[in-house]
Structure formats: structure tokens, C-alpha cells
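Trainee: This is the content of protein.cif (mmCIF, C-alpha atoms):
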data_my_file
loop_
_atom_site.label_atom_id
_atom_site.label_comp_id
_atom_site.auth_asym_id
_atom_site.auth_seq_id
_atom_site.Cartn_x
_atom_site.Cartn_y
_atom_site.Cartn_z
CA GLY A 1 -14.16 -11.49 -2.06
CA ALA A 2 -17.23 -9.29 -2.10
CA GLY A 3 -20.55 -10.64 -0.95
CA ALA A 4 -23.42 -11.23 -3.35
CA ALA A 5 -26.47 -9.02 -3.31
CA GLY A 6 -29.97 -10.33 -3.00
CA ASP A 7 -30.68 -9.56 -6.67
CA GLY A 8 -27.76 -11.70 -7.84
CA LYS A 9 -25.45 -8.79 -8.64
CA ARG A 10 -21.87 -9.04 -7.42
CA CYS A 11 -21.02 -6.09 -5.21
CA ARG A 12 -17.74 -4.35 -5.77
CA LEU A 13 -16.58 -3.84 -2.21
CA ARG A 14 -15.73 -6.57 0.21
CA ASN A 15 -18.63 -6.17 2.59
CA ALA A 16 -20.93 -4.42 0.16
CA HIS A 17 -23.61 -7.04 0.78
CA LYS A 18 -24.30 -5.23 4.04
CA ASN A 19 -25.38 -2.20 2.02
CA CYS A 20 -27.15 -3.82 -0.92
CA ALA A 21 -28.70 -6.99 0.47
CA VAL A 22 -32.46 -7.07 0.23
CA GLY A 23 -34.20 -6.42 3.51
CA GLY A 24 -30.98 -5.51 5.35
CA SER A 25 -30.28 -2.48 7.47
CA SER A 26 -26.72 -1.31 6.86
CA ALA A 27 -26.94 1.36 9.57
CA ASN A 28 -27.87 -1.16 12.24
CA ALA A 29 -25.28 -3.66 10.99
CA ASN A 30 -22.53 -1.06 11.04
CA ALA A 31 -23.48 0.10 14.55
CA SER A 32 -23.46 -3.50 15.75
CA ALA A 33 -20.00 -4.07 14.31
CA VAL A 34 -18.61 -0.93 15.96
CA ARG A 35 -19.99 -2.03 19.32
CA ASP A 36 -17.93 -5.21 19.04
CA ILE A 37 -14.68 -3.23 19.19
CA PRO A 38 -12.79 -4.49 22.26
CA GLU A 39 -11.77 -2.24 25.11
CA TYR A 40 -8.13 -3.30 24.83
CA SER A 41 -5.80 -4.59 22.12
CA ARG A 42 -2.06 -4.93 22.14
CA ILE A 43 -1.76 -3.37 18.66
CA VAL A 44 -4.21 -1.15 16.78
CA VAL A 45 -3.69 -0.56 13.07
CA VAL A 46 -5.49 2.48 11.68
CA GLY A 47 -6.42 2.00 8.03
CA GLY A 48 -7.79 -0.99 6.13
CA GLY A 49 -5.88 -0.46 2.90
CA MET A 50 -2.89 -2.38 1.57
CA ALA A 51 -0.45 -0.76 4.00
CA GLY A 52 -2.56 -1.33 7.10
CA LEU A 53 -3.63 -4.86 6.18
CA HIS A 54 -0.10 -5.94 5.34
CA ALA A 55 1.16 -4.41 8.59
CA ALA A 56 -1.43 -6.42 10.51
CA LEU A 57 -0.63 -9.59 8.55
CA ALA A 58 3.12 -9.25 9.07
CA LEU A 59 2.70 -8.56 12.79
CA ALA A 60 0.41 -11.57 13.17
CA GLU A 61 2.83 -13.81 11.30
CA ARG A 62 5.75 -12.65 13.41
CA ALA A 63 3.80 -13.10 16.64
CA SER A 64 3.07 -16.71 15.67
CA ASP A 65 6.55 -17.51 14.39
CA PRO A 66 9.27 -14.82 14.67
CA ASN A 67 11.45 -16.63 12.12
CA ARG A 68 8.62 -17.64 9.75
CA ARG A 69 10.49 -20.81 8.83
CA GLY A 70 8.33 -23.74 7.94
CA ALA A 71 5.20 -22.19 9.44
CA ASP A 72 2.22 -22.68 7.15
CA PRO A 73 -0.60 -20.15 7.42
CA PRO A 74 -3.85 -21.26 9.04
CA PRO A 75 -6.45 -22.71 6.66
CA PRO A 76 -8.91 -20.30 5.06
CA MET A 77 -11.99 -19.31 6.98
CA PRO A 78 -15.18 -21.14 5.96
CA PRO A 79 -17.34 -19.00 3.65
CA ALA A 80 -20.20 -17.19 5.32
CA GLU A 81 -22.47 -14.39 4.15
CA ASN A 82 -21.76 -12.42 7.29
CA ALA A 83 -18.19 -13.62 7.79
CA ARG A 84 -17.15 -10.34 9.42
CA ARG A 85 -19.64 -10.86 12.23
CA THR A 86 -19.15 -14.57 12.80
CA LYS A 87 -16.64 -15.72 15.39
CA LYS A 88 -13.22 -16.01 13.75
CA ARG A 89 -10.94 -18.98 14.18
CA ASN A 90 -8.18 -18.09 16.65
CA ALA A 91 -9.69 -14.62 16.98
CA ASN A 92 -8.07 -12.54 19.68
CA ASN A 93 -7.51 -8.94 20.63
CA ASP A 94 -3.76 -8.89 19.99
CA ILE A 95 -4.15 -7.04 16.67
CA VAL A 96 -7.14 -4.92 15.64
CA VAL A 97 -7.58 -3.03 12.36
CA LEU A 98 -9.87 0.02 12.32
CA GLU A 99 -11.12 1.04 8.86
CA GLY A 100 -13.13 4.24 8.47
CA SER A 101 -15.15 2.97 5.52
CA LEU A 102 -14.92 -0.41 3.77
CA VAL A 103 -11.82 -2.49 3.12
CA GLY A 104 -10.58 -1.51 -0.33
CA ASN A 105 -12.80 1.57 -0.62
CA GLY A 106 -9.86 3.99 -0.74
CA ALA A 107 -6.85 4.26 -3.00
CA SER A 108 -5.82 0.64 -2.38
CA GLY A 109 -8.91 -0.71 -4.12
CA ARG A 110 -8.94 1.92 -6.84
CA ALA A 111 -5.28 1.93 -7.89
CA LYS A 112 -4.01 1.29 -11.40
CA GLY A 113 -3.06 -2.28 -10.61
CA LEU A 114 0.56 -1.87 -11.70
CA VAL A 115 2.99 -3.54 -9.30
CA VAL A 116 6.16 -1.59 -10.00
CA PRO A 117 9.17 -1.30 -7.65
CA GLY A 118 11.18 1.87 -7.27
CA PHE A 119 9.87 5.43 -7.20
CA GLN A 120 8.47 7.93 -9.66
CA VAL A 121 11.70 9.87 -9.18
CA PRO A 122 14.72 7.89 -10.48
CA LEU A 123 17.27 6.74 -7.93
CA GLU A 124 19.92 8.89 -9.62
CA ASN A 125 17.86 12.01 -8.90
CA LEU A 126 17.34 11.00 -5.28
CA LEU A 127 21.06 10.42 -4.82
CA GLU A 128 21.90 13.69 -6.52
CA ASN A 129 19.75 15.61 -4.02
CA ALA A 130 20.87 13.59 -1.01
CA SER A 131 23.56 14.51 1.47
CA ASP A 132 26.74 12.55 2.16
CA GLY A 133 26.09 12.73 5.90
CA THR A 134 26.01 9.89 8.34
CA SER A 135 22.98 8.15 9.78
CA ASN A 136 22.75 11.01 12.32
CA ALA A 137 21.21 13.20 9.62
CA SER A 138 17.46 13.23 10.19
CA TRP A 139 15.00 12.86 7.35
CA THR A 140 11.25 13.27 7.17
CA VAL A 141 8.62 13.04 4.46
CA PRO A 142 8.40 16.84 4.10
CA GLY A 143 12.18 17.00 4.04
CA LEU A 144 12.32 14.41 1.29
CA VAL A 145 9.79 16.35 -0.77
CA ARG A 146 11.63 19.63 -0.23
CA ALA A 147 14.90 18.07 -1.29
CA MET A 148 13.40 16.59 -4.46
CA SER A 149 11.80 19.93 -5.33
CA GLY A 150 15.08 21.81 -5.25
CA ASP A 151 15.66 22.67 -1.61
CA SER A 152 19.36 23.44 -1.18
CA THR A 153 19.55 21.68 2.18
CA PRO A 154 19.09 17.90 1.83
CA ARG A 155 17.23 16.34 4.74
CA TYR A 156 18.08 12.70 3.91
CA THR A 157 21.30 10.82 3.16
CA LYS A 158 22.35 8.76 0.16
CA ALA A 159 22.31 5.68 2.35
CA VAL A 160 18.63 6.33 3.17
CA ALA A 161 17.75 6.84 -0.51
CA GLU A 162 19.46 3.60 -1.54
CA GLU A 163 17.84 1.69 1.32
CA MET A 164 14.37 2.95 0.38
CA TYR A 165 14.94 2.00 -3.25
CA ASN A 166 16.16 -1.50 -2.37
CA LEU A 167 13.26 -1.98 0.03
CA SER A 168 10.81 -1.34 -2.81
CA TYR A 169 12.22 -4.39 -4.64
CA ALA A 170 12.13 -6.43 -1.44
CA ALA A 171 8.49 -5.41 -1.04
CA MET A 172 7.78 -6.66 -4.56
CA ASP A 173 9.20 -10.07 -3.69
CA ARG A 174 7.25 -10.09 -0.43
CA LEU A 175 4.00 -9.37 -2.27
CA ARG A 176 4.64 -12.18 -4.74
CA ASP A 177 5.18 -14.58 -1.85
CA ILE A 178 1.97 -13.47 -0.11
CA VAL A 179 -0.15 -13.94 -3.23
CA LYS A 180 1.27 -17.43 -3.71
CA GLU A 181 1.27 -18.51 -0.05
CA TYR A 182 -2.28 -17.38 0.69
CA ASP A 183 -3.60 -18.25 -2.77
CA ILE A 184 -5.00 -14.77 -3.36
CA ASP A 185 -7.07 -14.69 -6.53
CA CYS A 186 -6.18 -11.22 -7.80
CA GLY A 187 -5.26 -11.90 -11.43
CA TRP A 188 -1.54 -11.57 -10.75
CA VAL A 189 0.38 -11.42 -14.06
CA GLU A 190 4.16 -11.25 -14.44
CA CYS A 191 3.98 -8.98 -17.49
CA GLY A 192 6.78 -6.50 -16.97
CA ALA A 193 6.35 -2.79 -17.70
CA VAL A 194 7.41 -0.39 -20.43
CA GLU A 195 8.22 3.23 -19.71
CA GLY A 196 8.63 5.60 -22.63
CA SER A 197 10.39 8.94 -22.68
CA ILE A 198 9.59 11.87 -24.97
CA HIS A 199 13.06 13.29 -24.25
CA PRO A 200 16.28 12.08 -25.88
CA MET A 201 18.38 9.64 -23.90
CA GLU A 202 21.24 11.14 -21.94
CA GLU A 203 24.70 10.02 -22.99
CA ASP A 204 25.51 8.34 -19.65
CA ASN A 205 22.52 5.95 -19.94
CA GLY A 206 24.13 2.85 -21.35
CA ASP A 207 24.58 -0.89 -21.19
CA ASP A 208 25.95 -0.82 -17.63
CA ASP A 209 22.56 0.15 -16.23
CA GLU A 210 20.83 -2.43 -18.39
CA GLU A 211 23.01 -5.27 -17.14
CA GLU A 212 22.85 -4.17 -13.51
CA ASP A 213 19.06 -4.11 -13.07
CA GLU A 214 18.08 -6.46 -15.94
CA CYS A 215 16.14 -3.71 -17.67
CA LYS A 216 16.19 -3.52 -21.43
CA ILE A 217 16.68 -0.27 -23.35
CA LEU A 218 14.14 0.17 -26.15
CA THR A 219 14.45 2.24 -29.30
CA ALA A 220 11.87 4.83 -30.30
CA ALA A 221 10.47 2.46 -32.92
CA GLN A 222 10.11 -0.36 -30.36
CA VAL A 223 8.29 1.85 -27.87
CA ASP A 224 5.92 3.24 -30.51
CA ARG A 225 5.20 -0.29 -31.76
CA ILE A 226 4.30 -1.42 -28.23
CA MET A 227 2.16 1.66 -27.71
CA GLY A 228 0.33 1.00 -30.98
CA ARG A 229 1.68 4.11 -32.69
CA PRO A 230 3.10 4.26 -36.24
CA SER A 231 6.84 4.73 -36.04
CA ILE A 232 7.98 5.08 -39.65
CA ASN A 233 9.25 8.31 -41.17
CA GLU A 234 6.38 9.57 -43.27
CA SER A 235 6.83 11.84 -46.29
CA SER A 236 5.12 15.20 -46.25
CA ASN A 237 3.46 16.86 -49.23
CA ASN A 238 6.65 18.68 -50.17
CA GLY A 239 8.69 15.48 -50.19
CA THR A 240 10.53 15.99 -46.89
CA LYS A 241 10.76 13.37 -44.15
CA ASN A 242 8.96 13.96 -40.83
CA SER A 243 9.74 11.78 -37.85
CA ASN A 244 6.53 10.41 -36.36
CA ASN A 245 8.13 9.09 -33.17
CA LEU A 246 6.53 10.60 -30.06
CA TYR A 247 8.80 8.56 -27.80
CA LYS A 248 12.54 8.95 -28.22
CA TRP A 249 13.47 5.82 -26.28
CA GLY A 250 12.16 3.59 -23.54
CA GLU A 251 12.92 0.94 -20.98
CA TYR A 252 11.41 -2.47 -20.32
CA ASP A 253 11.52 -3.74 -16.73
CA PRO A 254 10.72 -7.49 -16.55
CA SER A 255 10.38 -7.39 -12.73
CA CYS A 256 7.03 -5.56 -12.84
CA ALA A 257 3.63 -7.19 -12.61
CA ALA A 258 -0.08 -6.38 -12.73
CA ALA A 259 -2.93 -7.31 -10.40
CA ASP A 260 -6.53 -6.49 -9.54
CA PRO A 261 -5.97 -4.00 -6.68
CA LEU A 262 -9.33 -4.54 -4.99
CA ALA A 263 -9.00 -8.33 -5.07
CA LEU A 264 -5.46 -8.03 -3.75
CA THR A 265 -6.58 -5.75 -0.90
CA THR A 266 -9.47 -8.00 0.15
CA GLY A 267 -7.12 -10.98 -0.14
CA LEU A 268 -4.76 -9.33 2.33
CA ALA A 269 -7.70 -8.80 4.71
CA GLU A 270 -8.69 -12.45 4.52
CA ALA A 271 -5.09 -13.57 5.01
CA ALA A 272 -4.80 -11.40 8.14
CA GLU A 273 -8.07 -12.77 9.52
CA ARG A 274 -6.72 -16.28 9.15
CA TRP A 275 -4.18 -15.37 11.83
CA GLY A 276 -6.86 -14.01 14.16
CA VAL A 277 -6.61 -10.33 13.24
CA ARG A 278 -9.92 -8.55 13.87
CA ILE A 279 -10.98 -6.00 11.25
CA PHE A 280 -13.65 -3.41 12.01
CA GLU A 281 -15.11 -1.38 9.16
CA HIS A 282 -16.99 1.91 9.52
CA ALA A 283 -14.79 2.67 12.53
CA ARG A 284 -13.14 5.95 11.60
CA VAL A 285 -10.58 7.14 14.14
CA ALA A 286 -11.19 10.67 15.42
CA LYS A 287 -8.65 11.00 18.21
CA LEU A 288 -5.42 9.44 19.46
CA GLU A 289 -4.23 10.19 22.98
CA LYS A 290 -1.27 9.03 25.02
CA ARG A 291 -2.30 7.79 28.42
CA GLN A 292 -0.50 7.95 31.73
CA GLN A 293 1.74 5.05 32.66
CA GLN A 294 -0.23 2.16 34.16
CA LEU A 295 0.92 -0.52 36.57
CA PRO A 296 1.60 -3.90 34.92
CA ASP A 297 -0.71 -5.80 37.30
CA GLU A 298 -3.75 -3.66 36.51
CA PRO A 299 -6.59 -5.19 34.45
CA HIS A 300 -6.88 -4.75 30.69
CA SER A 301 -9.52 -2.06 31.13
CA THR A 302 -6.82 0.27 32.42
CA LEU A 303 -3.86 -1.05 30.42
CA GLY A 304 -2.49 0.50 27.26
CA LYS A 305 -0.24 3.45 26.55
CA TYR A 306 -2.68 4.92 24.03
CA SER A 307 -6.40 5.55 23.70
CA VAL A 308 -7.87 5.39 20.20
CA VAL A 309 -11.31 6.99 19.91
CA THR A 310 -13.62 6.46 16.93
CA GLU A 311 -16.13 8.97 15.59
CA GLU A 312 -18.88 6.88 17.16
CA GLY A 313 -17.28 7.42 20.58
CA ARG A 314 -15.87 3.91 21.02
CA THR A 315 -12.52 3.87 22.86
CA ILE A 316 -9.94 1.12 22.51
CA ARG A 317 -6.78 1.14 24.61
CA CYS A 318 -3.60 -0.30 23.18
CA ASP A 319 0.15 -0.55 23.65
CA HIS A 320 1.09 0.22 20.05
CA VAL A 321 -0.57 2.19 17.22
CA VAL A 322 0.29 1.85 13.52
CA LEU A 323 -1.06 4.71 11.38
CA CYS A 324 -1.62 3.52 7.80
CA THR A 325 -4.37 5.80 6.56
CA GLY A 326 -4.53 8.44 3.86
CA ALA A 327 -4.07 12.17 4.12
CA ASP A 328 -7.76 12.99 3.88
CA GLN A 329 -8.57 10.55 6.68
CA LEU A 330 -5.97 11.68 9.23
CA SER A 331 -6.89 14.62 11.44
CA GLU A 332 -4.64 16.70 13.65
CA HIS A 333 -6.31 15.07 16.65
CA VAL A 334 -4.69 11.81 15.58
CA SER A 335 -1.26 13.08 14.56
CA ARG A 336 -0.56 16.73 13.86
CA ARG A 337 2.88 15.99 12.40
CA LEU A 338 1.69 13.29 9.99
CA SER A 339 -1.44 15.17 8.96
CA ARG A 340 0.84 17.93 7.66
CA SER A 341 3.33 15.55 6.03
CA PHE A 342 1.18 14.13 3.24
CA VAL A 343 1.54 15.37 -0.30
CA PRO A 344 -1.33 14.73 -2.75
CA VAL A 345 -0.26 12.75 -5.81
CA TYR A 346 -2.57 12.38 -8.80
CA THR A 347 -2.13 9.79 -11.53
CA TRP A 348 -4.22 8.96 -14.56
CA MET A 349 -4.54 5.70 -16.42
CA ALA A 350 -6.12 4.88 -19.79
CA ALA A 351 -7.17 1.34 -20.66
CA THR A 352 -7.00 0.19 -24.29
CA GLU A 353 -7.70 -2.93 -26.24
CA PRO A 354 -4.77 -5.42 -26.20
CA LEU A 355 -1.87 -3.86 -28.12
#
Once more with this new file: its structure as C-alpha cells, please.
Mentor:
Amino acid sequence: GAGAAGDGKRCRLRNAHKNCAVGGSSANANASAVRDIPEYSRIVVVGGGMAGLHAALALAERASDPNRRGADPPPPMPPAENARRTKKRNANNDIVVLEGSLVGNGASGRAKGLVVPGFQVPLENLLENASDGTSNASWTVPGLVRAMSGDSTPRYTKAVAEEMYNLSYAAMDRLRDIVKEYDIDCGWVECGAVEGSIHPMEEDNGDDDEEEDECKILTAAQVDRIMGRPSINESSNNGTKNSNNLYKWGEYDPSCAAADPLALTTGLAEAAERWGVRIFEHARVAKLEKRQQQLPDEPHSTLGKYSVVTEEGRTIRCDHVVLCTGADQLSEHVSRRLSRSFVPVYTWMAATEPL
């Protein structure tokens, strides 16, 4: 969790005590941490959000036990005010995470906290816009967006769409297991989720879908009752009936959950560190270069297929790079293709009293 400030206030971000502790110098502390970046690591993960931290955790788990059968995670690290700068148990340079700011400072720590499988676009819509081609048909993120926005030439197949959709449910199960296995205190609640529609239900939406995915179809009155809205037909001044239902129908998915996103993100960081993953904050990546092939018997200082350069000028060589950072953090000097593949998505959330 986050460190405590000198005045007793609990800081929001994981290492916020470096910035708010009395008598501390955050600039010097950050510079010291960046200088500790090793010259070589087998794997470098760029981005300290949920995606990057889980990638590092999964890689560390697999490196320790490829089958992950009966292998308990290492015990938690002993608490320390400056845990990031103390020597970690089993720390090594096999896996390094570079975070440009603080762990959880981006979208991962500021999300809505709804753990919902699937996609914003229903699977039926994805399949409708997909091609019937074989696995030889290429697909990219821009191609997927173009296809969903009405492009007449699908760039992904139905098999890819179904696999992505199924993987989202597998990811939900994986996240549940991680929270339980590593005892992450993130307020995880198996509450389910309700989605209401202001449009009438289509005729082909029936009991078959409800039985297949265990979702429950809700009436307009049920959705309005859950949302705290009156759902009766009220009489107007002239004696006519006016329907007061904003939502025409809805769906309840019992497989959804809720969690504190920041606590979950920092919990993933601590779980990864238990396996020896080294996490460096304030280490924004500015450039990624592919190096010339090196001889296998050369020292680590010359090994590595890639060179990752931070804004502070630190260079770390590595054999593999995993890019897990957001669109506003990824420059063309890191990956021109990926920097042009992100699409901004904005969501809003309103919190109410318990309904």
C-alpha cells in the first residue's frame, strides 16, 4: 500500500511518501532510484499499470515454475518505509519494470473499479463485422477499430473475435485467483453488474442467451427499481397514462465484480516483487532501439537484442521488451506502429448512496 506521510496523512499513491515525507528530497530520491537501473535484464516491461505489472508477475511465475502446479508464491516482503530502495528478496535482473511516473498513477489506479469481462461492443456485433477467413487473415488494433466503425473490409476473423471474448472471461478468473493467492487487500466484491438499455429489446434476444452465459434478463421496472428511479405509470393532468420508464430492459451479469483499482494495482506490484521483479518508478522510456546481433559468450554489458533508453539517459539492454504503457506515454521513438494504433476512450462514472 501507500506509505504514510510525516504528518500522519495516508498518501494516495504507492510511493507517495517519497514526495510528501517531511524533510525528504523527492528529486534526489528519484534520481537515486533511476541510477539503480541495471545495465542488462533479460526482460524489460514498459509500464507500471495493471497490464505491465501482471505481465511481469506472470513471466516471473512461469520462470519459477512453468506449470505453476503446487508452487506457492514467496512470502510477502517485510514492511519498510523505503521498501523500493531496500534489497529485495530473490531480487535479480531477469525482469525489470520501468514506470514513467508512480505505480498506479495512470488509468490503472484511476479506473472505475468495475471488473467486467467482455467488451463494450457486444460479441454479436464483433462477429457481424468479422470475416469468415482463416487464421491467415491479419488483424491489427486499427483494423479492428475500422471494422467496428463500419469499414467494409474486415481485418479480423470470427475466430479471433470469439477468442478475444473468451480470453476476457479467462482473465477475470485469473484476476480472482491472483487476489486470493497473494491476499491482495483491494475490497474485492462479487456483486455482479446491471446494464440497462434505453432501446427496446430486439426480438432475437431471448432465453437461449440467458441460459448460455448465466445472465438474467431484467424488465424495465426491475432496472428502474435498481437504479432508484420510479417505474410506475403516472397519470398526467388530463387523465392519460405516461410511462416513466427510462430503461426499456436490462441484463444482470453475476460474473462481474468490483474492486479498488489503486489497491489492486499496488497489490500486483507487491506480488511481482515477491518473485524478484525489480520495479523502477520515474523511469520514463524515451527510445527503443534494436541492437546488432551479439556473440553468446560476450559479457552482459554487450548482450541484449534491444536498448531501452530512459529520459534521464539511462540505458538498459535486454533480450525481450513488453510494451504495456498508454497512448500518451508512448512516443514514435519507442514504437511508431503502436503509437499510431491507440484510440482514446473516455468513460464517466457517478457514485451514489447505496441503492
Trainee: Could you tell me, as a VMD selection string, exactly which residues end up selected when the PyMOL selection byres ((chain A and resi 262) around 7) is applied to this structure?
Mentor: chain A and resid 104 108 to 110 260 to 261 263 to 266
Trainee: Check what the PyMOL selection byres ((chain A and resi 45) around 10) selects in the file above and give those residues as a ChimeraX atom specification.
Mentor: /A:43-44,46-48,51-53,55-56,95-99,279,320-325
Trainee: Nearest to Glu312 in chain A: which of A:Val189, A:Val116, A:Ala283, A:Val223 is it, counting all atoms listed in the file?
Mentor: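 Residue with the minimum atom-to-atom distance to Glu312 in chain A: A:Ala283.
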Trainee: Near Val308 in chain A, within 9 Å and counting only C-alpha atoms, which residues show up once chain neighbours fewer than 3 positions away are dropped, as a VMD selection string?
Mentor: chain A and resid 44 285 to 290 314 to 318 321 334
Trainee: Please report the interatomic distance between CA of Ala258 in chain A and CA of Leu114 in chain A in Å with one decimal.
Mentor: 4.7 Å
Trainee: To one decimal in Å, tell me the separation between CA of Lys248 in chain A and CA of Ala221 in chain A.
Mentor: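 Calculated distance between CA of Lys248 in chain A and CA of Ala221 in chain A is 8.3 Å.
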Trainee: Find the distance between CA of Asp183 in chain A and CA of Lys112 in chain A and write it in Å to one decimal.
Mentor: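 For CA of Asp183 in chain A relative to CA of Lys112 in chain A, the distance reads 21.4 Å.
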Trainee: Of the candidates A:Asp94, A:Asp36, A:Glu270, A:Glu202, which shows the shortest atom-to-atom distance to Ile184 in chain A, using all atoms listed in the file?
Mentor: A:Glu270
Trainee: List as a list of chain:residue names the protein and nucleic acid residues near Trp249 in chain A, meaning an atom at most 10 Å away when only C-alpha atoms are counted, but skip any in the same chain fewer than 3 places from it.
Mentor: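 Surrounding residues, per the criterion: A:Glu195, A:Gly196, A:Ser197, A:Ile198, A:His199, A:Pro200, A:Met201, A:Ile217, A:Leu218, A:Thr219, A:Ala220, A:Ala221, A:Gln222, A:Val223, A:Asp224, A:Asn245, A:Leu246.
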Trainee: Let me know the residues the PyMOL selection byres ((chain A and resi 101) around 6) catches in the file above, as a count of residues only.
Mentor: 5
Trainee: Could you check which residues have any atom within 10 Å of (-2.9, -12.8, 11.4), counting all atoms listed in the file with coordinates taken straight from the file, and then list them as a PyMOL selection string?
Mentor: chain A and resi 53-64+73-74+90-92+94-96+268-278
Trainee: Counting all atoms listed in the file, figure out which residue out of A:Trp188, A:Phe119, A:Tyr247, A:Tyr182 gets nearest to Ala161 in chain A.
Mentor: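 The closest residue to Ala161 in chain A is A:Phe119.
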